[in-house]
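Enquirer: I am sharing coords36.tsv, which consists of TSV, C-alpha atoms:
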chain	number	residue	atom	x	y	z
D	1	MET	CA	-2.44	67.72	70.41
D	2	PRO	CA	-4.52	66.10	73.18
D	3	ALA	CA	-5.40	68.19	76.19
D	4	LEU	CA	-2.61	68.37	78.75
D	5	ARG	CA	-3.84	66.97	82.05
D	6	LYS	CA	-0.63	66.86	84.08
D	7	ILE	CA	2.77	68.50	83.58
D	8	ILE	CA	5.83	67.72	85.70
D	9	VAL	CA	8.20	70.67	86.22
D	10	ALA	CA	11.56	69.24	87.32
D	11	PRO	CA	14.43	71.71	86.81
D	12	ASP	CA	17.82	71.99	88.45
D	13	SER	CA	19.06	75.33	89.75
D	14	PHE	CA	20.37	78.13	87.54
D	15	LYS	CA	23.82	78.18	89.10
D	16	GLU	CA	24.72	81.27	91.15
D	17	THR	CA	21.35	82.93	90.41
D	18	LEU	CA	18.18	80.91	91.02
D	19	SER	CA	17.52	77.86	93.16
D	20	ALA	CA	15.77	74.85	91.64
D	21	SER	CA	12.66	75.57	93.70
D	22	VAL	CA	12.50	79.16	92.40
D	23	VAL	CA	12.94	77.97	88.81
D	24	ALA	CA	10.18	75.40	89.27
D	25	THR	CA	7.88	78.00	90.83
D	26	GLU	CA	8.30	80.47	87.96
D	27	ILE	CA	7.72	77.86	85.26
D	28	ALA	CA	4.74	76.39	87.09
D	29	ALA	CA	3.13	79.81	87.59
D	30	ALA	CA	3.30	80.51	83.86
D	31	LEU	CA	1.79	77.12	83.04
D	32	ARG	CA	-1.07	77.52	85.51
D	33	ALA	CA	-1.94	80.92	84.09
D	34	GLN	CA	-2.20	79.59	80.52
D	35	LEU	CA	-3.44	76.07	81.26
D	36	PRO	CA	-5.78	76.41	84.28
D	37	HIS	CA	-7.33	72.98	83.75
D	38	CYS	CA	-3.93	71.23	83.93
D	39	GLU	CA	-2.34	69.79	87.05
D	40	VAL	CA	1.18	71.19	87.36
D	41	VAL	CA	3.55	69.38	89.73
D	42	GLU	CA	6.64	71.23	90.95
D	43	LEU	CA	9.48	68.79	91.52
D	44	PRO	CA	12.81	70.67	91.81
D	45	VAL	CA	15.78	68.35	91.47
D	46	ALA	CA	19.55	68.36	91.87
D	47	ASP	CA	22.40	66.25	90.55
D	48	GLY	CA	24.88	66.35	93.40
D	49	GLY	CA	25.52	70.09	93.29
D	50	GLU	CA	23.80	73.01	94.97
D	51	GLY	CA	20.26	72.19	96.03
D	52	THR	CA	20.85	68.48	96.65
D	53	LEU	CA	20.64	68.97	100.41
D	54	ASP	CA	17.37	70.90	100.13
D	55	ALA	CA	15.80	68.39	97.73
D	56	LEU	CA	16.63	65.38	99.88
D	57	LEU	CA	15.68	66.91	103.20
D	58	ALA	CA	12.33	67.98	101.78
D	59	ALA	CA	11.70	64.57	100.24
D	60	THR	CA	12.58	62.58	103.36
D	61	GLN	CA	11.46	65.03	106.09
D	62	GLY	CA	15.03	65.20	107.28
D	63	GLN	CA	16.78	67.50	109.74
D	64	ARG	CA	19.05	70.42	108.84
D	65	ARG	CA	22.24	70.84	110.89
D	66	ILE	CA	24.91	73.58	111.09
D	67	ALA	CA	28.65	73.13	111.55
D	68	ARG	CA	31.52	75.59	111.86
D	69	VAL	CA	33.99	74.86	109.04
D	70	HIS	CA	36.45	76.61	106.74
D	71	ASP	CA	35.63	77.90	103.28
D	72	PRO	CA	37.85	77.19	100.21
D	73	LEU	CA	40.28	79.92	101.29
D	74	GLY	CA	40.41	78.83	104.93
D	75	ARG	CA	38.03	81.40	106.39
D	76	PRO	CA	35.64	80.21	109.13
D	77	ILE	CA	32.00	79.95	108.07
D	78	ASN	CA	28.80	78.20	109.11
D	79	ALA	CA	27.85	75.44	106.68
D	80	GLU	CA	24.82	73.17	106.49
D	81	TRP	CA	24.59	69.41	106.41
D	82	GLY	CA	21.58	67.21	106.93
D	83	LEU	CA	20.30	64.03	108.51
D	84	LEU	CA	17.82	62.28	106.26
D	85	GLY	CA	14.45	61.06	107.44
D	86	ASP	CA	15.81	57.59	108.25
D	87	GLY	CA	17.72	59.23	111.12
D	88	ASP	CA	20.93	57.46	110.14
D	89	THR	CA	22.09	58.84	106.77
D	90	ALA	CA	23.97	62.12	106.59
D	91	ILE	CA	23.77	64.24	103.46
D	92	ILE	CA	26.92	66.32	102.93
D	93	GLU	CA	26.67	68.95	100.21
D	94	MET	CA	30.16	70.02	99.22
D	95	ALA	CA	28.91	73.32	97.82
D	96	SER	CA	27.85	74.36	101.32
D	97	ALA	CA	31.40	74.29	102.67
D	98	SER	CA	33.71	74.23	99.65
D	99	GLY	CA	31.55	75.71	96.91
D	100	LEU	CA	32.43	78.09	94.12
D	101	ALA	CA	29.56	80.35	95.12
D	102	LEU	CA	31.34	81.07	98.42
D	103	LEU	CA	34.05	83.01	96.58
D	104	ALA	CA	33.92	86.31	94.77
D	105	PRO	CA	35.08	86.05	91.14
D	106	HIS	CA	38.44	87.65	91.92
D	107	GLU	CA	39.06	85.12	94.74
D	108	ARG	CA	38.81	82.03	92.56
D	109	ASN	CA	42.19	80.35	92.33
D	110	PRO	CA	42.30	76.54	92.15
D	111	LEU	CA	46.03	76.56	92.79
D	112	ILE	CA	45.26	77.27	96.46
D	113	THR	CA	41.56	76.60	97.13
D	114	SER	CA	40.85	73.66	99.40
D	115	SER	CA	38.13	71.07	100.01
D	116	ALA	CA	38.91	70.96	103.76
D	117	GLY	CA	35.49	72.32	104.76
D	118	THR	CA	33.82	69.27	103.25
D	119	GLY	CA	35.94	67.00	105.41
D	120	GLU	CA	34.99	69.09	108.44
D	121	LEU	CA	31.30	68.58	107.62
D	122	ILE	CA	31.88	64.82	107.44
D	123	ARG	CA	33.61	64.97	110.81
D	124	ALA	CA	30.66	66.88	112.30
D	125	ALA	CA	28.29	64.20	111.03
D	126	LEU	CA	30.53	61.49	112.48
D	127	ASP	CA	30.41	63.27	115.83
D	128	ALA	CA	26.60	63.26	115.60
D	129	GLY	CA	26.60	59.49	115.13
D	130	ALA	CA	26.10	59.19	111.37
D	131	ARG	CA	27.66	56.17	109.71
D	132	ARG	CA	25.92	56.21	106.35
D	133	PHE	CA	26.76	59.11	104.08
D	134	MET	CA	25.51	60.59	100.87
D	135	LEU	CA	28.24	62.92	99.64
D	136	ALA	CA	27.03	65.42	97.01
D	137	ILE	CA	30.15	66.83	95.38
D	138	GLY	CA	28.97	69.23	92.66
D	139	GLY	CA	29.64	72.97	92.63
D	140	SER	CA	33.11	72.85	94.16
D	141	ALA	CA	35.68	75.65	94.12
D	142	SER	CA	38.73	73.41	94.54
D	143	ASN	CA	41.00	71.34	92.31
D	144	ASP	CA	42.95	69.68	95.10
D	145	GLY	CA	42.09	66.03	94.44
D	146	GLY	CA	40.12	65.96	97.68
D	147	SER	CA	43.34	66.29	99.66
D	148	GLY	CA	41.86	69.05	101.79
D	149	MET	CA	38.83	66.92	102.65
D	150	LEU	CA	41.05	63.97	103.55
D	151	SER	CA	43.39	66.17	105.60
D	152	ALA	CA	40.41	67.25	107.72
D	153	LEU	CA	39.73	63.54	108.29
D	154	GLY	CA	43.26	62.84	109.50
D	155	LEU	CA	45.44	62.05	106.48
D	156	ARG	CA	48.73	63.88	106.05
D	157	PHE	CA	50.09	64.82	102.63
D	158	LEU	CA	53.86	65.14	102.92
D	159	ASP	CA	56.70	66.44	100.74
D	160	GLN	CA	60.23	65.02	100.42
D	161	ALA	CA	61.22	66.67	103.70
D	162	ASP	CA	58.24	65.10	105.49
D	163	GLN	CA	56.56	68.49	105.80
D	164	VAL	CA	52.80	68.81	105.42
D	165	LEU	CA	51.85	70.36	102.09
D	166	PRO	CA	49.95	73.64	102.04
D	167	PRO	CA	46.34	73.64	100.79
D	168	GLY	CA	45.45	73.61	97.12
D	169	GLY	CA	45.96	71.69	93.92
D	170	ALA	CA	49.33	73.16	93.00
D	171	ALA	CA	51.04	71.74	96.09
D	172	LEU	CA	50.24	68.18	95.00
D	173	ALA	CA	53.08	68.43	92.48
D	174	ARG	CA	55.43	68.18	95.50
D	175	LEU	CA	53.65	65.24	97.13
D	176	ALA	CA	56.08	62.50	98.21
D	177	ARG	CA	53.87	60.28	100.36
D	178	ILE	CA	50.50	60.04	102.08
D	179	ASP	CA	50.53	59.21	105.78
D	180	LEU	CA	47.43	57.14	106.64
D	181	ALA	CA	48.12	56.73	110.36
D	182	GLY	CA	45.85	59.55	111.52
D	183	LEU	CA	42.79	58.70	109.43
D	184	ASP	CA	39.67	58.86	111.59
D	185	THR	CA	39.02	55.27	112.67
D	186	ARG	CA	35.25	55.80	112.62
D	187	LEU	CA	35.40	55.91	108.82
D	188	ALA	CA	35.96	52.15	108.78
D	189	GLU	CA	32.36	51.79	110.04
D	190	CYS	CA	30.93	54.04	107.33
D	191	SER	CA	29.56	53.74	103.82
D	192	PHE	CA	29.74	56.58	101.28
D	193	ALA	CA	27.43	56.97	98.31
D	194	VAL	CA	29.01	59.74	96.27
D	195	ALA	CA	26.59	61.75	94.15
D	196	CYS	CA	28.49	62.98	91.06
D	197	ASP	CA	27.08	65.39	88.51
D	198	VAL	CA	29.75	64.46	85.94
D	199	ASP	CA	31.59	61.32	84.80
D	200	ASN	CA	34.92	62.94	83.90
D	201	PRO	CA	38.22	61.21	84.73
D	202	LEU	CA	40.76	62.78	87.05
D	203	THR	CA	43.32	63.78	84.40
D	204	GLY	CA	43.71	64.45	80.70
D	205	SER	CA	41.79	66.47	78.16
D	206	GLN	CA	38.45	65.56	79.77
D	207	GLY	CA	39.81	65.64	83.31
D	208	ALA	CA	39.08	67.83	86.31
D	209	SER	CA	41.60	70.56	85.50
D	210	ALA	CA	41.00	70.87	81.76
D	211	VAL	CA	37.20	70.84	81.84
D	212	PHE	CA	36.35	72.53	85.13
D	213	GLY	CA	39.49	74.40	86.08
D	214	PRO	CA	38.67	77.51	84.00
D	215	GLN	CA	35.32	78.10	85.72
D	216	LYS	CA	37.18	77.93	89.04
D	217	GLY	CA	39.60	80.64	87.96
D	218	ALA	CA	42.34	78.66	86.22
D	219	THR	CA	44.28	80.23	83.36
D	220	PRO	CA	45.55	77.96	80.55
D	221	ALA	CA	48.93	77.78	82.29
D	222	MET	CA	47.25	76.86	85.57
D	223	VAL	CA	45.28	74.09	83.85
D	224	ILE	CA	48.51	72.50	82.59
D	225	ALA	CA	50.13	72.74	86.04
D	226	LEU	CA	47.07	71.42	87.86
D	227	ASP	CA	46.62	68.48	85.50
D	228	ALA	CA	50.25	67.51	85.96
D	229	ALA	CA	49.88	67.80	89.75
D	230	LEU	CA	46.79	65.55	89.75
D	231	ALA	CA	48.57	63.02	87.52
D	232	HIS	CA	51.40	62.90	90.06
D	233	TYR	CA	48.84	62.64	92.88
D	234	ALA	CA	47.23	59.67	91.10
D	235	ARG	CA	50.60	57.91	90.93
D	236	ILE	CA	51.11	58.39	94.68
D	237	ILE	CA	47.60	57.08	95.35
D	238	HIS	CA	48.41	54.02	93.25
D	239	ALA	CA	51.60	53.44	95.20
D	240	THR	CA	49.77	53.93	98.50
D	241	ARG	CA	46.48	52.10	97.88
D	242	GLY	CA	47.11	50.01	94.78
D	243	LEU	CA	44.23	51.74	93.00
D	244	ASP	CA	44.48	53.46	89.60
D	245	VAL	CA	42.12	56.45	89.80
D	246	ALA	CA	43.44	58.62	86.97
D	247	GLN	CA	40.94	57.51	84.32
D	248	HIS	CA	38.15	56.16	86.50
D	249	PRO	CA	34.78	57.68	85.43
D	250	GLY	CA	33.78	60.32	87.96
D	251	ALA	CA	37.20	60.52	89.60
D	252	GLY	CA	37.54	64.07	88.27
D	253	ALA	CA	34.30	65.24	89.86
D	254	ALA	CA	34.72	68.20	92.23
D	255	GLY	CA	38.35	68.74	91.29
D	256	GLY	CA	39.25	65.17	92.18
D	257	VAL	CA	37.14	64.60	95.28
D	258	GLY	CA	35.70	61.65	93.36
D	259	ALA	CA	39.18	60.10	93.26
D	260	ALA	CA	39.72	60.76	96.98
D	261	ALA	CA	36.40	59.11	97.87
D	262	LEU	CA	37.23	56.07	95.76
D	263	ALA	CA	40.71	55.63	97.17
D	264	PHE	CA	40.27	56.47	100.85
D	265	LEU	CA	36.56	56.33	101.75
D	266	ASP	CA	35.68	53.21	99.78
D	267	GLY	CA	33.10	55.41	98.10
D	268	SER	CA	30.61	54.30	95.51
D	269	LEU	CA	30.40	56.91	92.73
D	270	GLN	CA	26.87	57.21	91.39
D	271	PRO	CA	25.08	59.68	89.13
D	272	GLY	CA	23.78	62.29	91.54
D	273	ILE	CA	20.56	62.81	89.66
D	274	GLU	CA	19.71	59.10	89.94
D	275	LEU	CA	20.17	59.16	93.71
D	276	VAL	CA	18.01	62.25	94.03
D	277	LEU	CA	15.23	61.00	91.73
D	278	ASP	CA	14.97	57.76	93.67
D	279	ALA	CA	14.84	59.64	96.98
D	280	ILE	CA	12.03	61.99	95.89
D	281	GLY	CA	9.85	59.25	94.41
D	282	PHE	CA	10.17	60.52	90.86
D	283	ALA	CA	8.76	57.41	89.20
D	284	GLU	CA	5.54	57.68	91.21
D	285	GLN	CA	5.17	61.35	90.31
D	286	LEU	CA	5.32	60.56	86.59
D	287	ALA	CA	2.14	58.50	86.74
D	288	GLY	CA	-0.57	60.12	84.61
D	289	ALA	CA	1.69	62.92	83.31
D	290	ASP	CA	1.62	64.11	79.70
D	291	LEU	CA	4.71	66.32	79.55
D	292	LEU	CA	7.88	67.02	81.51
D	293	ILE	CA	9.73	70.35	81.59
D	294	THR	CA	13.28	70.44	82.91
D	295	GLY	CA	16.26	72.78	82.66
D	296	GLU	CA	19.31	74.35	84.27
D	297	GLY	CA	21.36	77.51	84.02
D	298	ARG	CA	23.33	76.44	80.95
D	299	LEU	CA	22.60	73.60	78.55
D	300	ASP	CA	25.54	72.42	76.45
D	301	GLY	CA	27.50	69.32	75.58
D	302	GLN	CA	28.49	68.84	79.21
D	303	THR	CA	24.82	68.36	80.11
D	304	LEU	CA	25.03	64.91	78.53
D	305	HIS	CA	27.67	63.80	81.07
D	306	GLY	CA	25.36	63.12	84.01
D	307	LYS	CA	23.77	66.52	84.61
D	308	ALA	CA	20.25	66.76	86.01
D	309	PRO	CA	18.32	67.52	82.78
D	310	ILE	CA	19.60	64.45	80.93
D	311	GLY	CA	18.92	62.22	83.96
D	312	VAL	CA	15.38	63.57	84.27
D	313	ALA	CA	14.82	63.23	80.51
D	314	ARG	CA	15.93	59.60	80.46
D	315	ARG	CA	13.46	58.70	83.20
D	316	ALA	CA	10.69	60.60	81.42
D	317	HIS	CA	11.44	58.95	78.06
D	318	ALA	CA	11.32	55.53	79.69
D	319	ALA	CA	7.82	56.42	80.88
D	320	GLY	CA	6.82	57.60	77.41
D	321	LEU	CA	6.74	61.33	78.19
D	322	PRO	CA	7.92	64.08	75.82
D	323	VAL	CA	10.47	66.45	77.34
D	324	ILE	CA	11.27	70.11	76.76
D	325	ALA	CA	13.91	72.21	78.49
D	326	ILE	CA	14.31	75.83	79.54
D	327	ALA	CA	17.86	77.06	80.11
D	328	GLY	CA	19.44	80.31	81.15
D	329	SER	CA	21.64	80.02	78.07
D	330	LEU	CA	22.78	77.50	75.47
D	331	GLY	CA	26.39	76.59	74.86
D	332	GLU	CA	28.48	74.52	72.49
D	333	GLY	CA	27.00	71.09	71.98
D	334	ALA	CA	23.45	72.06	72.95
D	335	GLU	CA	22.22	70.84	69.55
D	336	ARG	CA	23.01	67.29	70.68
D	337	LEU	CA	20.17	67.47	73.18
D	338	ARG	CA	17.70	67.03	70.33
D	339	GLU	CA	19.48	63.80	69.42
D	340	CYS	CA	18.90	62.63	72.99
D	341	GLY	CA	15.16	63.07	72.75
D	342	PHE	CA	14.46	66.63	73.86
D	343	ARG	CA	11.54	67.88	71.77
D	344	ALA	CA	12.53	71.52	72.18
D	345	VAL	CA	15.05	73.64	74.08
D	346	PHE	CA	14.45	77.30	75.01
D	347	ALA	CA	17.04	79.84	76.18
D	348	CYS	CA	16.26	82.77	78.47
D	349	VAL	CA	19.02	84.96	77.00
D	350	PRO	CA	17.59	86.42	73.78
D	351	ARG	CA	20.62	88.41	72.61
D	352	PRO	CA	24.34	88.88	73.28
D	353	MET	CA	24.93	90.37	76.73
D	354	THR	CA	27.48	90.42	79.51
D	355	ALA	CA	27.45	87.69	82.13
D	356	ALA	CA	26.70	90.29	84.80
D	357	GLU	CA	23.64	91.50	82.89
D	358	ALA	CA	22.35	87.97	82.36
D	359	LEU	CA	22.78	87.07	86.01
D	360	ARG	CA	21.24	90.30	87.26
D	361	ASP	CA	17.96	89.82	85.41
D	362	ALA	CA	17.84	86.02	85.53
D	363	ARG	CA	14.47	85.67	87.24
D	364	GLU	CA	12.73	88.17	84.98
D	365	ARG	CA	14.14	86.50	81.87
D	366	LEU	CA	13.10	83.08	83.12
D	367	ARG	CA	9.58	84.34	83.82
D	368	HIS	CA	9.28	85.81	80.33
D	369	THR	CA	10.56	82.63	78.66
D	370	ALA	CA	8.27	80.43	80.76
D	371	GLU	CA	5.31	82.59	79.74
D	372	GLN	CA	6.20	82.15	76.07
D	373	VAL	CA	6.51	78.39	76.44
D	374	ALA	CA	3.20	78.22	78.30
D	375	ALA	CA	1.48	80.30	75.61
D	376	LEU	CA	2.80	77.95	72.91
D	377	LEU	CA	1.53	74.91	74.83
D	378	ALA	CA	-1.87	76.57	75.30
D	379	LEU	CA	-2.08	77.28	71.57
D	380	THR	CA	-1.66	73.60	70.73
D	381	ASP	CA	-3.62	72.24	73.72
D	382	ARG	CA	-6.87	70.82	72.36
D	383	ASP	CA	-9.49	68.50	73.77
Show me the file's structure as structure tokens.

Expert:
Amino acid sequence: MPALRKIIVAPDSFKETLSASVVATEIAAALRAQLPHCEVVELPVADGGEGTLDALLAATQGQRRIARVHDPLGRPINAEWGLLGDGDTAIIEMASASGLALLAPHERNPLITSSAGTGELIRAALDAGARRFMLAIGGSASNDGGSGMLSALGLRFLDQADQVLPPGGAALARLARIDLAGLDTRLAECSFAVACDVDNPLTGSQGASAVFGPQKGATPAMVIALDAALAHYARIIHATRGLDVAQHPGAGAAGGVGAAALAFLDGSLQPGIELVLDAIGFAEQLAGADLLITGEGRLDGQTLHGKAPIGVARRAHAAGLPVIAIAGSLGEGAERLRECGFRAVFACVPRPMTAAEALRDARERLRHTAEQVAALLALTDRD
């Protein structure tokens, strides 16, 4: 193997444990120790979930802002949003206001959790003068079809008695009509690029409830109820806006926020990783590189549906670079990554263990795995 002159380290975060920048730092440190002659470039990425705000503000020398909003259970919190370096584009990271990480495991209940805080962040950016938006919708705690977000922007979701529905996905089963009269008029002046980390439809076996509901606390019975509620919601949206969102790719992102953005914000759904890679000048960074290392907390079949590692790998392959991945763990379907061009995939979890144990020692396990990968590369690195 020829000598490695330049390695790009471009991981996503290990969800709920390590940020993308920490993951990149640990991998890069191991590489530099074993390959001191090699240039190692740390390029943490995100795909529309946690870390997207940080990646884009760093890449564009943007400004971080704070707004007082409500978390998925309606509790007041401070949440971050950002103004990119162009001074005109707001970056709204849903995870900051409506993210799963804001809730303790026992609090996760997609029947009642709401995306309202995300709408409040948008409103804060509107108040600050922003009219161009990048909406990063990964990492959400809600399954409410974006109704909470839209309610914060002035829509009213009403039942048969013309009463406003309570927050949460379950209530959408009682939706009779959507009152558009109060929608913030400033939204007509805005554009929304919606960064999705998945391409799932709103409903069905690959929809928001079935695929992502369980990680948000849904039992099998809840999944059935939530899917039926979102299907009903989609019918009301069709009657209201003339748009069929149920099977639109990406409509199921963030528990249906993708559908809400399509129907009421005239949003353009785009792979989040593509938006981020363009913003951080990824193509320019690849020049002269010999290898790319990526990864995320869990690599499985879902990774192929628009997650950061597959987006990074596709760009690297187009530039002729081999790609390897380091993951916290591997799940069902991970073997398909080899079919998509990954030369090798390494997991940090070496044996069966509880989730709590794996999360507790995540950084140490990552460091050990990165050291092993670096040692293997050094063994085969020859002038």

Enquirer: Please list, as a list in words, the residues that have an atom at most 6 Å away from (26.5, 62.0, 108.5) in the coordinates of this file, counting all atoms listed in the file.

Expert: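 Residues close enough to count: Thr89, Ala90, Ala125, Leu126, Ala130 and Phe133 of chain D.
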
Enquirer: For a test of reading the model, state the distance in Å between CA of Thr185 in chain D and CA of Gly154 in chain D, rounded to one decimal.

Expert: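 That distance, rounded to one decimal, is 9.2 Å.
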
Enquirer: How big is the axis-aligned box around the listed atoms of range 11-21 of chain D once 8 Å is added on each side, and where is its centre? Give both in Å to one decimal, as AutoDock Vina command-line options.

Expert:
--center_x 18.7 --center_y 77.3 --center_z 90.3 --size_x 28.1 --size_y 27.2 --size_z 22.9

Enquirer: List as JSON lines every residue of range 143-215 of chain D that is in contact with range 53-73 of chain D, defined as an atom at most 12 Å from one of its atoms (using only C-alpha atoms), together with the nearest atom pair and the distance in Å rounded to one decimal, sorted by chain and then rising number.

Expert:
{"residue": "D:Asn143", "atom": "CA", "partner": "D:Pro72", "partner_atom": "CA", "distance": 10.3}
{"residue": "D:Asp144", "atom": "CA", "partner": "D:Pro72", "partner_atom": "CA", "distance": 10.4}
{"residue": "D:Gly146", "atom": "CA", "partner": "D:Pro72", "partner_atom": "CA", "distance": 11.7}
{"residue": "D:Gly148", "atom": "CA", "partner": "D:Pro72", "partner_atom": "CA", "distance": 9.2}
{"residue": "D:Met149", "atom": "CA", "partner": "D:Pro72", "partner_atom": "CA", "distance": 10.6}
{"residue": "D:Ala152", "atom": "CA", "partner": "D:Val69", "partner_atom": "CA", "distance": 10.0}
{"residue": "D:Pro166", "atom": "CA", "partner": "D:Leu73", "partner_atom": "CA", "distance": 11.6}
{"residue": "D:Pro167", "atom": "CA", "partner": "D:Leu73", "partner_atom": "CA", "distance": 8.7}
{"residue": "D:Gly168", "atom": "CA", "partner": "D:Pro72", "partner_atom": "CA", "distance": 9.0}
{"residue": "D:Gly169", "atom": "CA", "partner": "D:Pro72", "partner_atom": "CA", "distance": 11.6}
{"residue": "D:Ala195", "atom": "CA", "partner": "D:Leu53", "partner_atom": "CA", "distance": 11.3}

Enquirer: Might you pull out every residue within 10 Å of Gly74 in chain D, with only C-alpha atoms counted and same-chain residues fewer than 5 positions away left off, and present them as a ChimeraX atom specification?

Expert: /D:69,98,112-117,167

Enquirer: Could you jot down the CA of Lys216 in chain D to CA of Val194 in chain D separation for me, Å, one decimal place?

Expert: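 The value is 21.2 Å.
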
Enquirer: Hey, can you check how far CA of Ile8 in chain D sits from CA of Glu93 in chain D?

Expert: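 Rounded to one decimal, the two atoms are 25.4 Å apart.
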
Enquirer: Within 12 Å of Asp278 in chain D, counting only C-alpha atoms, which residues qualify if same-chain residues fewer than 6 places away don't, as a count of residues only?

Expert: 14

Enquirer: Given the point (2.9, 60.7, 78.6) in the file's coordinates, find the residues that have an atom at most 8 Å from it, counting all atoms listed in the file, and give them as number ranges by chain.

Expert: D: 288-291, 319-322

Enquirer: Would you pick out the contacts of Asp266 in chain D at 12 Å or less, using only C-alpha atoms, so that residues sharing its chain but fewer than 5 positions from it are not included, and give the list as a PyMOL selection string?

Expert: chain D and resi 133+187-194+241+243+258-261

Enquirer: I'd like to know which of D:Pro309, D:Gly295, D:Gly281, D:Gly207 is closest to His248 in chain D, using only C-alpha atoms.

Expert: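 Ranking D:Pro309, D:Gly295, D:Gly281, D:Gly207 by distance to His248 in chain D, first place goes to D:Gly207.
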
Enquirer: With distances taken over all atoms listed in the file, which residue among D:Ala246, D:Leu183, D:Ala325, D:Val40 lies nearest Pro201 in chain D?

Expert: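 Using all atoms listed in the file, the shortest distance to Pro201 in chain D belongs to D:Ala246.
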
Enquirer: Which one is closest to Arg5 in chain D: D:Met222, D:Ala33, D:Val41, D:Cys348? Count all atoms listed in the file.

Expert: D:Val41

Enquirer: Could you tell me which of D:Ile326, D:Gly49, D:Leu43, D:Pro214 comes closest to Val373 in chain D if we count all atoms listed in the file?

Expert: D:Ile326
